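Right, one structure below, let's go through it.
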Amino acid sequence: MTHTPLPLDVTLGRLDLPNPVLVASGTFGYAREMAGLVDLSRLGGVIPKTITRVARPGNRPWRTVETAAGMLNSIGLDNDGLEAFIEHHLPYLGSLGVPAIVSIAGRTIEEFVEMAARLDGLSGVAAIELNISCPNVSGGVDFGTDPASCERVVGGVRRACGVPILAKLTPNVTDIAAVARGAEAGGADAISAINTCLGMGIDWRRRRPLLGNVLGGLSGPAIKPIALRCVYQIAKAVKTPIVGIGGIASIDDTMEFLVAGASAVQVGTANFYRPTAAIEILDALPAALASLGTKCVADVVGTLELPQ
Ligand SMILES: Cc1cc2nc3c(=O)[nH]c(=O)nc-3n(C[C@H](O)[C@H](O)[C@H](O)COP(=O)(O)O)c2cc1C
């Protein structure tokens, strides 16, 4: 018996993706590094490491530490800056045949707007993800913790450029739904949730923090329940599509996020220990969708049934 393949494409506002399984910023390099390990052309989208207007050396070592069920990082947006990205990485990303969503971080709204305007219309830029949620740099995180600031930065970028915009939110707030409403009011095409959870590790024998930056971002399976909770709360608060991120490593994780309200997912930390995780999820997706009797990804999104 032959089955008609299920359509896996998804739409996030003005952005069309071939399938809902993407790879998260900072966990997949600039994609070139992963080419020998992963069939990049099958991914739903690639989000390269966040870039800033000018190059940043990042934080002092140690910058990554393994923890129970996850990892801590305090990379600090180590990158070569916008122009180096456009020259050295964008042509390759644009050649992959999958949407490249360029992640940017600015210290001010003007910087976000300036970077977005520079990227606007460049070949290879399918969308821009605003990293307003990095816990490892001072100055940028405020946009993701205050709904009005979030609205202003998303709105400013929306007015300055024509490409779809994703606003990436931090879980390190009291009310993530309020920040999501700000992103929606600003005109975000999608909301990515979540970035890492602020944490720390300690070597008690040396009475020293494990990370050179003292604090860092916790990621991996340990944060999945937090991420699911955030996606669920955001989905109740806004109509804007959500991209779920946080501890996703398997088809079960992915389906949980779709049911909670995400229209797509990003695989992050799992790329470090199983670079093929996203492809394995993609391979398993049609059967998982079919097992629920659904005909496409959108049929599953936000279908959580709550106890009466
Ligand atoms: C080493 C490392 C570097 C990261 N760098 C970035 C970054 O540059 N920009 C960004 O938006 N998120 C960055 N993140 C956060 C991830 O994109 C993702 O939001 C987070 O790790 C949660 O997903 P996960 O649990 O699947 O890793 C980074 C995460 C890790 C572990």
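Note on naming: chains are A, B, ... as they come in the structure tokens, residues start from 1 per chain, ligands start from 1 in the order shown.
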
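With a cut-off of 6 Å and using only C-alpha atoms and all ligand atoms, the polymer residues contacting ligand 1 are Ala24, Ser25, Gly26, Thr27, Lys49, Thr50, Asn73, Leu77, Asn131, Ile194, Asn195, Thr196, Ser219, Gly220, Ile245, Gly246, Gly247, Ile248, Val267, Gly268 and Thr269 of chain A.
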
>> Give me, as a ChimeraX atom specification, the residues of region 26-267 of chain A that a backbone DSSP run labels alpha helix (DSSP H).
In response: /A:82-84,90-94,109-119,142-145,147-160,176-186,224-237,251-260

>> Using DSSP secondary structure from the backbone, list all strand (DSSP E or B) positions within region 221-300 of chain A, as a list of chain:residue names.
In response: A:Ile242, A:Val243, A:Gly244, A:Ile245, A:Ala264, A:Val265, A:Gln266, A:Val267

Restricted to N, CA, C and O atoms, what would the selected residues look like written as a PDB file, in the first residue's frame?
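So the final result, stored in again.pdb, reads:
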ATOM      1  N   ILE A 242       4.539  30.331  17.159  1.00  0.00           N
ATOM      2  CA  ILE A 242       5.631  30.142  18.123  1.00  0.00           C
ATOM      3  C   ILE A 242       6.600  29.078  17.599  1.00  0.00           C
ATOM      4  O   ILE A 242       6.178  28.070  17.040  1.00  0.00           O
ATOM      5  N   VAL A 243       7.887  29.342  17.795  1.00  0.00           N
ATOM      6  CA  VAL A 243       8.911  28.340  17.510  1.00  0.00           C
ATOM      7  C   VAL A 243       9.442  27.862  18.862  1.00  0.00           C
ATOM      8  O   VAL A 243      10.041  28.638  19.603  1.00  0.00           O
ATOM      9  N   GLY A 244       9.188  26.599  19.184  1.00  0.00           N
ATOM     10  CA  GLY A 244       9.570  26.064  20.490  1.00  0.00           C
ATOM     11  C   GLY A 244      11.032  25.658  20.514  1.00  0.00           C
ATOM     12  O   GLY A 244      11.526  25.029  19.579  1.00  0.00           O
ATOM     13  N   ILE A 245      11.715  26.023  21.597  1.00  0.00           N
ATOM     14  CA  ILE A 245      13.137  25.681  21.774  1.00  0.00           C
ATOM     15  C   ILE A 245      13.365  25.353  23.246  1.00  0.00           C
ATOM     16  O   ILE A 245      12.872  26.068  24.126  1.00  0.00           O
ATOM     17  N   ALA A 264       6.642  25.243  15.062  1.00  0.00           N
ATOM     18  CA  ALA A 264       7.915  24.684  14.612  1.00  0.00           C
ATOM     19  C   ALA A 264       8.808  24.555  15.837  1.00  0.00           C
ATOM     20  O   ALA A 264       8.460  25.062  16.921  1.00  0.00           O
ATOM     21  N   VAL A 265       9.956  23.874  15.667  1.00  0.00           N
ATOM     22  CA  VAL A 265      10.886  23.724  16.795  1.00  0.00           C
ATOM     23  C   VAL A 265      12.309  23.987  16.332  1.00  0.00           C
ATOM     24  O   VAL A 265      12.613  23.902  15.138  1.00  0.00           O
ATOM     25  N   GLN A 266      13.154  24.309  17.284  1.00  0.00           N
ATOM     26  CA  GLN A 266      14.591  24.398  17.028  1.00  0.00           C
ATOM     27  C   GLN A 266      15.308  23.407  17.946  1.00  0.00           C
ATOM     28  O   GLN A 266      15.021  23.362  19.147  1.00  0.00           O
ATOM     29  N   VAL A 267      16.216  22.655  17.367  1.00  0.00           N
ATOM     30  CA  VAL A 267      17.057  21.733  18.137  1.00  0.00           C
ATOM     31  C   VAL A 267      18.340  22.470  18.496  1.00  0.00           C
ATOM     32  O   VAL A 267      18.988  23.051  17.617  1.00  0.00           O
TER      33      VAL A 267
END

> Do you know which residues are at most 8 Å from region 141-149 of chain A counting only C-alpha atoms, after dropping those on the same chain fewer than 5 positions away, and could you put them as a ChimeraX atom specification?
Replying inline: /A:132-135,168-170,172-173,178-183

Using all heavy atoms, can you write the selected residues to a file as an mmCIF file, in the first residue's frame?
data_model
loop_
_atom_site.group_PDB
_atom_site.id
_atom_site.type_symbol
_atom_site.label_atom_id
_atom_site.label_comp_id
_atom_site.auth_asym_id
_atom_site.auth_seq_id
_atom_site.Cartn_x
_atom_site.Cartn_y
_atom_site.Cartn_z
ATOM 1 N N ILE A 132 16.890 38.952 21.713
ATOM 2 C CA ILE A 132 16.695 39.940 22.785
ATOM 3 C C ILE A 132 16.698 39.212 24.122
ATOM 4 O O ILE A 132 16.080 39.645 25.085
ATOM 5 C CB ILE A 132 15.386 40.743 22.589
ATOM 6 C CG1 ILE A 132 14.183 39.816 22.335
ATOM 7 C CG2 ILE A 132 15.529 41.724 21.431
ATOM 8 C CD1 ILE A 132 12.848 40.547 22.306
ATOM 9 N N SER A 133 17.444 38.100 24.155
ATOM 10 C CA SER A 133 17.325 37.213 25.311
ATOM 11 C C SER A 133 18.622 36.578 25.753
ATOM 12 O O SER A 133 18.601 35.636 26.535
ATOM 13 C CB SER A 133 16.340 36.103 24.954
ATOM 14 O OG SER A 133 16.595 35.577 23.651
ATOM 15 N N CYS A 134 19.782 37.072 25.275
ATOM 16 C CA CYS A 134 21.029 36.418 25.662
ATOM 17 C C CYS A 134 21.368 36.765 27.104
ATOM 18 O O CYS A 134 21.477 37.936 27.448
ATOM 19 C CB CYS A 134 22.179 36.852 24.764
ATOM 20 S SG CYS A 134 23.732 36.055 25.230
ATOM 21 N N PRO A 135 21.563 35.742 27.966
ATOM 22 C CA PRO A 135 21.851 36.044 29.368
ATOM 23 C C PRO A 135 23.305 36.394 29.601
ATOM 24 O O PRO A 135 23.681 36.755 30.711
ATOM 25 C CB PRO A 135 21.497 34.724 30.074
ATOM 26 C CG PRO A 135 21.793 33.677 29.062
ATOM 27 C CD PRO A 135 21.499 34.299 27.714
ATOM 28 N N LYS A 168 13.159 36.358 19.726
ATOM 29 C CA LYS A 168 13.540 35.235 20.603
ATOM 30 C C LYS A 168 13.525 35.684 22.059
ATOM 31 O O LYS A 168 14.282 36.577 22.453
ATOM 32 C CB LYS A 168 14.923 34.708 20.224
ATOM 33 C CG LYS A 168 15.309 33.463 21.021
ATOM 34 C CD LYS A 168 16.519 32.784 20.425
ATOM 35 C CE LYS A 168 16.921 31.570 21.237
ATOM 36 N NZ LYS A 168 18.088 30.890 20.658
ATOM 37 N N LEU A 169 12.680 35.034 22.844
ATOM 38 C CA LEU A 169 12.432 35.491 24.207
ATOM 39 C C LEU A 169 13.206 34.694 25.254
ATOM 40 O O LEU A 169 13.569 33.538 25.051
ATOM 41 C CB LEU A 169 10.936 35.394 24.523
ATOM 42 C CG LEU A 169 9.993 36.166 23.599
ATOM 43 C CD1 LEU A 169 8.582 36.190 24.199
ATOM 44 C CD2 LEU A 169 10.477 37.588 23.343
ATOM 45 N N THR A 170 13.405 35.360 26.376
ATOM 46 C CA THR A 170 14.088 34.743 27.507
ATOM 47 C C THR A 170 13.066 34.190 28.507
ATOM 48 O O THR A 170 12.016 34.813 28.730
ATOM 49 C CB THR A 170 14.999 35.759 28.226
ATOM 50 O OG1 THR A 170 15.519 35.154 29.413
ATOM 51 C CG2 THR A 170 14.264 37.025 28.628
ATOM 52 N N ASN A 172 13.806 34.082 31.561
ATOM 53 C CA ASN A 172 14.216 34.668 32.834
ATOM 54 C C ASN A 172 13.401 35.913 33.171
ATOM 55 O O ASN A 172 13.938 37.006 33.392
ATOM 56 C CB ASN A 172 15.720 34.981 32.790
ATOM 57 C CG ASN A 172 16.536 33.754 32.420
ATOM 58 O OD1 ASN A 172 16.294 32.674 32.946
ATOM 59 N ND2 ASN A 172 17.466 33.910 31.500
ATOM 60 N N VAL A 173 12.080 35.735 33.150
ATOM 61 C CA VAL A 173 11.147 36.826 33.448
ATOM 62 C C VAL A 173 9.988 36.260 34.264
ATOM 63 O O VAL A 173 9.767 35.051 34.278
ATOM 64 C CB VAL A 173 10.568 37.463 32.156
ATOM 65 C CG1 VAL A 173 11.628 38.235 31.395
ATOM 66 C CG2 VAL A 173 9.938 36.416 31.261
ATOM 67 N N ALA A 178 3.424 38.378 28.780
ATOM 68 C CA ALA A 178 3.371 39.833 28.603
ATOM 69 C C ALA A 178 4.417 40.281 27.584
ATOM 70 O O ALA A 178 4.153 41.146 26.732
ATOM 71 C CB ALA A 178 3.590 40.541 29.942
ATOM 72 N N VAL A 179 5.610 39.693 27.642
ATOM 73 C CA VAL A 179 6.659 40.047 26.683
ATOM 74 C C VAL A 179 6.248 39.579 25.285
ATOM 75 O O VAL A 179 6.468 40.275 24.288
ATOM 76 C CB VAL A 179 8.018 39.443 27.099
ATOM 77 C CG1 VAL A 179 9.120 39.924 26.166
ATOM 78 C CG2 VAL A 179 8.355 39.796 28.538
ATOM 79 N N ALA A 180 5.620 38.408 25.213
ATOM 80 C CA ALA A 180 5.144 37.894 23.921
ATOM 81 C C ALA A 180 4.102 38.839 23.317
ATOM 82 O O ALA A 180 4.095 39.064 22.102
ATOM 83 C CB ALA A 180 4.563 36.499 24.094
ATOM 84 N N ARG A 181 3.231 39.386 24.165
ATOM 85 C CA ARG A 181 2.241 40.363 23.661
ATOM 86 C C ARG A 181 2.957 41.576 23.089
ATOM 87 O O ARG A 181 2.542 42.149 22.076
ATOM 88 C CB ARG A 181 1.280 40.784 24.777
ATOM 89 C CG ARG A 181 0.184 39.760 25.016
ATOM 90 C CD ARG A 181 -0.903 40.301 25.961
ATOM 91 N NE ARG A 181 -1.398 39.212 26.791
ATOM 92 C CZ ARG A 181 -1.029 38.964 28.048
ATOM 93 N NH1 ARG A 181 -0.192 39.775 28.672
ATOM 94 N NH2 ARG A 181 -1.505 37.919 28.696
ATOM 95 N N GLY A 182 4.044 41.994 23.708
ATOM 96 C CA GLY A 182 4.843 43.104 23.183
ATOM 97 C C GLY A 182 5.403 42.767 21.807
ATOM 98 O O GLY A 182 5.366 43.588 20.880
ATOM 99 N N ALA A 183 5.912 41.540 21.664
ATOM 100 C CA ALA A 183 6.464 41.112 20.364
ATOM 101 C C ALA A 183 5.368 41.102 19.309
ATOM 102 O O ALA A 183 5.580 41.534 18.166
ATOM 103 C CB ALA A 183 7.098 39.723 20.499
#
